[in-house]
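Quick notes on the structure that follows.
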Amino acid sequence: MRTLCRSLAFGLLSAASGPLLAAGAHVHGLVTVDIAIDGPALVVQVDAPLDSLVGFEHRPRTAAQRQAADAAIARLKNSVGIVRLDAAAKCEPTDTRVQAEALQPVPPGSTAPATGEHADLQASYSFRCAAPEQLKAVDLALFEAFARIQRIEVQVAGAKGQTRVVLRRPASKVALTR
């Protein structure tokens with residue numbers, strides 16, 4: 001059932017946001033967020049240039065950079081700290097994935113794959129809501145967590161259509177159309 005809900009949510013998101021996802025724009029300070037709602041399933045996908053999160057876009061070269069990378073990944077893996085949902089909706093995280101090739105430690109004795117001049121991080125958060133009709137907004141704590149983010153472009157896809165919102169500090173809430 002969980003897989004079916006995720007597939008439906010991702011399908012809804014892909015159909016609604018094809019041009020946005022295909023663009024793959026890499027702009028420092030800009031984070032894109034795609035939100036898909038399908039019944040009790042909620043999926044939030046974040047795509048950010050590494051520079052906007054940690055201040056560099058290459059494998060960590062110093063202890064300070066490694067510490068910044070580890071802190072960013074740990075912060076992003078805390079789904080309820082990044083994606084805040086209405087308590088009345090009774091949403092529980094079901095899956096969290098954070099991927100940033102350039103921030104992964106290189107095992108001793110191996111060669112690090114080359115990274116281009118731009119590197120991104122993708123995070124995906126899946127939730128299941130017991131009372132989805134009570135879910136009125138998604139509060140994204142990205143500005144709070146990462147000072148280098150200047151703008152968040154959000155696209156929401158749900159059963160009643162899609163909307164697009166641009167957030168600038170201090171705004172962090174995205175109203176949901178159910």
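Numbering starts fresh at 1 for the residues of each chain in the structure tokens, the chains themselves are lettered A, B, ... in the order given, and ligands are numbered from 1 as they appear.
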
**OP:** Report as a PyMOL selection string: the residues of segment 33-172 of chain A with a DSSP assignment of helix (DSSP H, G or I), based on the backbone of this structure.
**Re:** chain A and resi 50-54+63-77+79-82+87-89+101-103+132-134+142-145

Export of the given selection (N, CA and C atoms) as a JSON list (two decimals), in the first residue's frame:
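Dumped to out.json:
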[["chain", "number", "residue", "atom", "x", "y", "z"],
["A", 50, "LEU", "N", 24.57, 22.70, -3.69],
["A", 50, "LEU", "CA", 25.33, 22.54, -2.44],
["A", 50, "LEU", "C", 25.81, 23.87, -1.89],
["A", 51, "ASP", "N", 26.15, 24.80, -2.77],
["A", 51, "ASP", "CA", 26.61, 26.11, -2.31],
["A", 51, "ASP", "C", 25.58, 26.76, -1.40],
["A", 52, "SER", "N", 24.30, 26.56, -1.68],
["A", 52, "SER", "CA", 23.23, 27.16, -0.89],
["A", 52, "SER", "C", 23.10, 26.53, 0.50],
["A", 53, "LEU", "N", 23.65, 25.33, 0.66],
["A", 53, "LEU", "CA", 23.54, 24.62, 1.92],
["A", 53, "LEU", "C", 24.82, 24.65, 2.75],
["A", 54, "VAL", "N", 25.96, 24.46, 2.08],
["A", 54, "VAL", "CA", 27.22, 24.34, 2.81],
["A", 54, "VAL", "C", 28.28, 25.35, 2.40],
["A", 63, "ALA", "N", 38.71, 19.76, 7.40],
["A", 63, "ALA", "CA", 37.90, 19.25, 8.51],
["A", 63, "ALA", "C", 36.65, 20.13, 8.70],
["A", 64, "ALA", "N", 36.77, 21.43, 8.51],
["A", 64, "ALA", "CA", 35.63, 22.34, 8.66],
["A", 64, "ALA", "C", 34.58, 22.06, 7.58],
["A", 65, "GLN", "N", 35.03, 21.81, 6.35],
["A", 65, "GLN", "CA", 34.08, 21.49, 5.28],
["A", 65, "GLN", "C", 33.41, 20.14, 5.54],
["A", 66, "ARG", "N", 34.15, 19.16, 6.02],
["A", 66, "ARG", "CA", 33.56, 17.85, 6.34],
["A", 66, "ARG", "C", 32.52, 18.01, 7.43],
["A", 67, "GLN", "N", 32.82, 18.84, 8.43],
["A", 67, "GLN", "CA", 31.88, 19.09, 9.52],
["A", 67, "GLN", "C", 30.62, 19.79, 8.99],
["A", 68, "ALA", "N", 30.78, 20.77, 8.11],
["A", 68, "ALA", "CA", 29.62, 21.46, 7.52],
["A", 68, "ALA", "C", 28.77, 20.50, 6.70],
["A", 69, "ALA", "N", 29.42, 19.63, 5.93],
["A", 69, "ALA", "CA", 28.69, 18.65, 5.11],
["A", 69, "ALA", "C", 27.92, 17.68, 5.99],
["A", 70, "ASP", "N", 28.58, 17.15, 7.02],
["A", 70, "ASP", "CA", 27.91, 16.21, 7.92],
["A", 70, "ASP", "C", 26.74, 16.85, 8.63],
["A", 71, "ALA", "N", 26.91, 18.11, 9.06],
["A", 71, "ALA", "CA", 25.83, 18.82, 9.76],
["A", 71, "ALA", "C", 24.65, 19.05, 8.83],
["A", 72, "ALA", "N", 24.92, 19.43, 7.58],
["A", 72, "ALA", "CA", 23.83, 19.66, 6.62],
["A", 72, "ALA", "C", 23.06, 18.38, 6.34],
["A", 73, "ILE", "N", 23.78, 17.29, 6.13],
["A", 73, "ILE", "CA", 23.11, 16.01, 5.87],
["A", 73, "ILE", "C", 22.29, 15.58, 7.07],
["A", 74, "ALA", "N", 22.84, 15.70, 8.27],
["A", 74, "ALA", "CA", 22.11, 15.32, 9.48],
["A", 74, "ALA", "C", 20.85, 16.17, 9.64],
["A", 75, "ARG", "N", 20.97, 17.47, 9.40],
["A", 75, "ARG", "CA", 19.82, 18.37, 9.52],
["A", 75, "ARG", "C", 18.74, 17.97, 8.51],
["A", 76, "LEU", "N", 19.14, 17.66, 7.28],
["A", 76, "LEU", "CA", 18.17, 17.30, 6.24],
["A", 76, "LEU", "C", 17.56, 15.93, 6.45],
["A", 77, "LYS", "N", 18.25, 15.04, 7.12],
["A", 77, "LYS", "CA", 17.68, 13.71, 7.40],
["A", 77, "LYS", "C", 16.61, 13.76, 8.48],
["A", 79, "SER", "N", 13.44, 14.70, 8.99],
["A", 79, "SER", "CA", 12.29, 15.11, 8.18],
["A", 79, "SER", "C", 11.34, 16.03, 8.93],
["A", 80, "VAL", "N", 11.06, 15.76, 10.18],
["A", 80, "VAL", "CA", 10.11, 16.59, 10.92],
["A", 80, "VAL", "C", 10.73, 17.92, 11.34],
["A", 81, "GLY", "N", 12.03, 18.06, 11.23],
["A", 81, "GLY", "CA", 12.68, 19.33, 11.50],
["A", 81, "GLY", "C", 12.71, 20.23, 10.27],
["A", 82, "ILE", "N", 12.61, 19.64, 9.08],
["A", 82, "ILE", "CA", 12.65, 20.39, 7.83],
["A", 82, "ILE", "C", 11.24, 20.60, 7.27],
["A", 87, "ALA", "N", -0.34, 19.50, 13.05],
["A", 87, "ALA", "CA", -0.45, 18.39, 13.99],
["A", 87, "ALA", "C", -1.78, 17.66, 13.85],
["A", 88, "ALA", "N", -2.84, 18.39, 13.55],
["A", 88, "ALA", "CA", -4.17, 17.79, 13.42],
["A", 88, "ALA", "C", -4.24, 16.76, 12.30],
["A", 89, "ALA", "N", -3.35, 16.85, 11.31],
["A", 89, "ALA", "CA", -3.35, 15.90, 10.19],
["A", 89, "ALA", "C", -2.75, 14.56, 10.59],
["A", 101, "GLU", "N", 26.08, 13.33, -3.95],
["A", 101, "GLU", "CA", 27.28, 12.58, -4.34],
["A", 101, "GLU", "C", 28.56, 13.25, -3.87],
["A", 102, "ALA", "N", 28.64, 14.57, -4.05],
["A", 102, "ALA", "CA", 29.88, 15.29, -3.72],
["A", 102, "ALA", "C", 30.18, 15.32, -2.22],
["A", 103, "LEU", "N", 29.18, 15.08, -1.39],
["A", 103, "LEU", "CA", 29.41, 15.13, 0.06],
["A", 103, "LEU", "C", 29.69, 13.77, 0.68],
["A", 132, "PRO", "N", -5.72, 13.43, 6.57],
["A", 132, "PRO", "CA", -5.18, 14.32, 5.54],
["A", 132, "PRO", "C", -6.03, 15.57, 5.28],
["A", 133, "GLU", "N", -7.33, 15.49, 5.56],
["A", 133, "GLU", "CA", -8.19, 16.66, 5.35],
["A", 133, "GLU", "C", -7.81, 17.81, 6.29],
["A", 134, "GLN", "N", -7.08, 17.51, 7.35],
["A", 134, "GLN", "CA", -6.62, 18.52, 8.30],
["A", 134, "GLN", "C", -5.29, 19.17, 7.91],
["A", 142, "LEU", "N", 13.60, 25.46, 5.78],
["A", 142, "LEU", "CA", 14.88, 25.56, 5.05],
["A", 142, "LEU", "C", 15.59, 26.88, 5.29],
["A", 143, "PHE", "N", 14.87, 28.01, 5.32],
["A", 143, "PHE", "CA", 15.51, 29.29, 5.59],
["A", 143, "PHE", "C", 16.13, 29.28, 6.98],
["A", 144, "GLU", "N", 15.41, 28.71, 7.91],
["A", 144, "GLU", "CA", 15.87, 28.62, 9.30],
["A", 144, "GLU", "C", 17.13, 27.76, 9.42],
["A", 145, "ALA", "N", 17.18, 26.70, 8.64],
["A", 145, "ALA", "CA", 18.29, 25.75, 8.75],
["A", 145, "ALA", "C", 19.52, 26.16, 7.94]]

Original post:
Could you write out, as a PyMOL selection string, all the residues of segment 48-150 of chain A that DSSP marks as strand (DSSP E)?
Top reply: chain A and resi 48-49+83-85+91-99+120-129+137-140

Writing out the chosen residues with N, CA and C atoms as a PDB file, in the first residue's frame:
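So the final result, stored in part-v8.pdb, reads:
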ATOM      1  N   ALA A  48      18.604  21.341  -4.180  1.00  0.00           N
ATOM      2  CA  ALA A  48      19.348  22.549  -3.821  1.00  0.00           C
ATOM      3  C   ALA A  48      20.792  22.460  -4.279  1.00  0.00           C
ATOM      4  N   PRO A  49      21.332  23.574  -4.773  1.00  0.00           N
ATOM      5  CA  PRO A  49      22.768  23.599  -5.034  1.00  0.00           C
ATOM      6  C   PRO A  49      23.510  23.457  -3.692  1.00  0.00           C
ATOM      7  N   VAL A  83      10.399  19.590   7.339  1.00  0.00           N
ATOM      8  CA  VAL A  83       9.032  19.657   6.821  1.00  0.00           C
ATOM      9  C   VAL A  83       8.094  19.591   8.022  1.00  0.00           C
ATOM     10  N   ARG A  84       7.504  20.721   8.345  1.00  0.00           N
ATOM     11  CA  ARG A  84       6.608  20.807   9.506  1.00  0.00           C
ATOM     12  C   ARG A  84       5.168  20.809   9.009  1.00  0.00           C
ATOM     13  N   LEU A  85       4.388  19.895   9.574  1.00  0.00           N
ATOM     14  CA  LEU A  85       3.015  19.693   9.109  1.00  0.00           C
ATOM     15  C   LEU A  85       2.028  19.960  10.238  1.00  0.00           C
ATOM     16  N   CYS A  91       0.335  13.301  10.627  1.00  0.00           N
ATOM     17  CA  CYS A  91       1.233  12.750   9.605  1.00  0.00           C
ATOM     18  C   CYS A  91       2.468  12.141  10.250  1.00  0.00           C
ATOM     19  N   GLU A  92       2.840  10.996   9.769  1.00  0.00           N
ATOM     20  CA  GLU A  92       4.042  10.305  10.238  1.00  0.00           C
ATOM     21  C   GLU A  92       5.000  10.128   9.072  1.00  0.00           C
ATOM     22  N   PRO A  93       6.294  10.375   9.305  1.00  0.00           N
ATOM     23  CA  PRO A  93       7.263  10.132   8.223  1.00  0.00           C
ATOM     24  C   PRO A  93       7.333   8.642   7.899  1.00  0.00           C
ATOM     25  N   THR A  94       7.381   8.320   6.611  1.00  0.00           N
ATOM     26  CA  THR A  94       7.500   6.921   6.200  1.00  0.00           C
ATOM     27  C   THR A  94       8.820   6.639   5.489  1.00  0.00           C
ATOM     28  N   ASP A  95       9.422   7.698   4.926  1.00  0.00           N
ATOM     29  CA  ASP A  95      10.700   7.502   4.228  1.00  0.00           C
ATOM     30  C   ASP A  95      11.389   8.857   4.082  1.00  0.00           C
ATOM     31  N   THR A  96      12.688   8.872   4.302  1.00  0.00           N
ATOM     32  CA  THR A  96      13.493  10.076   4.115  1.00  0.00           C
ATOM     33  C   THR A  96      14.759   9.667   3.397  1.00  0.00           C
ATOM     34  N   ARG A  97      15.063  10.389   2.328  1.00  0.00           N
ATOM     35  CA  ARG A  97      16.288  10.114   1.563  1.00  0.00           C
ATOM     36  C   ARG A  97      16.999  11.422   1.271  1.00  0.00           C
ATOM     37  N   VAL A  98      18.293  11.429   1.504  1.00  0.00           N
ATOM     38  CA  VAL A  98      19.120  12.591   1.209  1.00  0.00           C
ATOM     39  C   VAL A  98      20.288  12.099   0.380  1.00  0.00           C
ATOM     40  N   GLN A  99      20.477  12.730  -0.782  1.00  0.00           N
ATOM     41  CA  GLN A  99      21.538  12.289  -1.680  1.00  0.00           C
ATOM     42  C   GLN A  99      22.342  13.485  -2.165  1.00  0.00           C
ATOM     43  N   ASP A 120      24.666  19.335  -6.633  1.00  0.00           N
ATOM     44  CA  ASP A 120      23.384  19.526  -5.970  1.00  0.00           C
ATOM     45  C   ASP A 120      23.159  18.486  -4.897  1.00  0.00           C
ATOM     46  N   LEU A 121      22.151  18.749  -4.095  1.00  0.00           N
ATOM     47  CA  LEU A 121      21.676  17.797  -3.105  1.00  0.00           C
ATOM     48  C   LEU A 121      20.196  17.609  -3.361  1.00  0.00           C
ATOM     49  N   GLN A 122      19.754  16.367  -3.315  1.00  0.00           N
ATOM     50  CA  GLN A 122      18.338  16.057  -3.425  1.00  0.00           C
ATOM     51  C   GLN A 122      17.900  15.384  -2.135  1.00  0.00           C
ATOM     52  N   ALA A 123      16.751  15.798  -1.646  1.00  0.00           N
ATOM     53  CA  ALA A 123      16.162  15.173  -0.469  1.00  0.00           C
ATOM     54  C   ALA A 123      14.711  14.857  -0.791  1.00  0.00           C
ATOM     55  N   SER A 124      14.247  13.734  -0.274  1.00  0.00           N
ATOM     56  CA  SER A 124      12.870  13.321  -0.490  1.00  0.00           C
ATOM     57  C   SER A 124      12.283  12.895   0.851  1.00  0.00           C
ATOM     58  N   TYR A 125      11.111  13.428   1.154  1.00  0.00           N
ATOM     59  CA  TYR A 125      10.433  13.138   2.422  1.00  0.00           C
ATOM     60  C   TYR A 125       9.037  12.604   2.105  1.00  0.00           C
ATOM     61  N   SER A 126       8.725  11.429   2.626  1.00  0.00           N
ATOM     62  CA  SER A 126       7.393  10.845   2.426  1.00  0.00           C
ATOM     63  C   SER A 126       6.703  10.743   3.777  1.00  0.00           C
ATOM     64  N   PHE A 127       5.422  11.068   3.773  1.00  0.00           N
ATOM     65  CA  PHE A 127       4.611  11.027   4.988  1.00  0.00           C
ATOM     66  C   PHE A 127       3.294  10.325   4.677  1.00  0.00           C
ATOM     67  N   ARG A 128       2.716   9.761   5.704  1.00  0.00           N
ATOM     68  CA  ARG A 128       1.361   9.198   5.619  1.00  0.00           C
ATOM     69  C   ARG A 128       0.551   9.901   6.692  1.00  0.00           C
ATOM     70  N   CYS A 129      -0.574  10.485   6.287  1.00  0.00           N
ATOM     71  CA  CYS A 129      -1.393  11.285   7.192  1.00  0.00           C
ATOM     72  C   CYS A 129      -2.683  10.543   7.532  1.00  0.00           C
ATOM     73  N   ALA A 137      -1.323  23.268   5.476  1.00  0.00           N
ATOM     74  CA  ALA A 137      -0.104  23.947   5.027  1.00  0.00           C
ATOM     75  C   ALA A 137       1.108  23.075   5.301  1.00  0.00           C
ATOM     76  N   VAL A 138       2.170  23.362   4.558  1.00  0.00           N
ATOM     77  CA  VAL A 138       3.477  22.754   4.805  1.00  0.00           C
ATOM     78  C   VAL A 138       4.410  23.904   5.164  1.00  0.00           C
ATOM     79  N   ASP A 139       5.042  23.780   6.313  1.00  0.00           N
ATOM     80  CA  ASP A 139       5.987  24.795   6.772  1.00  0.00           C
ATOM     81  C   ASP A 139       7.388  24.250   6.513  1.00  0.00           C
ATOM     82  N   LEU A 140       8.103  24.888   5.611  1.00  0.00           N
ATOM     83  CA  LEU A 140       9.450  24.456   5.241  1.00  0.00           C
ATOM     84  C   LEU A 140      10.473  25.228   6.075  1.00  0.00           C
TER      85      LEU A 140
END

**OP:** Excluding segment 163-171 of chain A and residues on its chain fewer than 6 positions from it, collect all residues at most 8 Å away from it, counting only C-alpha atoms, and give them as number ranges by chain.
**Re:** A: 143, 150-157

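Atom CA of Lys173 of chain A is found 9.9 Å from atom CA of Lys136 of chain A.
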
Subject >> Closest of A:Val46, A:Ala130, A:Leu135, A:Leu176 to Leu30 of chain A - atom-to-atom distances counting only C-alpha atoms >> reply: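 Between A:Val46, A:Ala130, A:Leu135, A:Leu176, the residue approaching Leu30 of chain A most closely is A:Val46.
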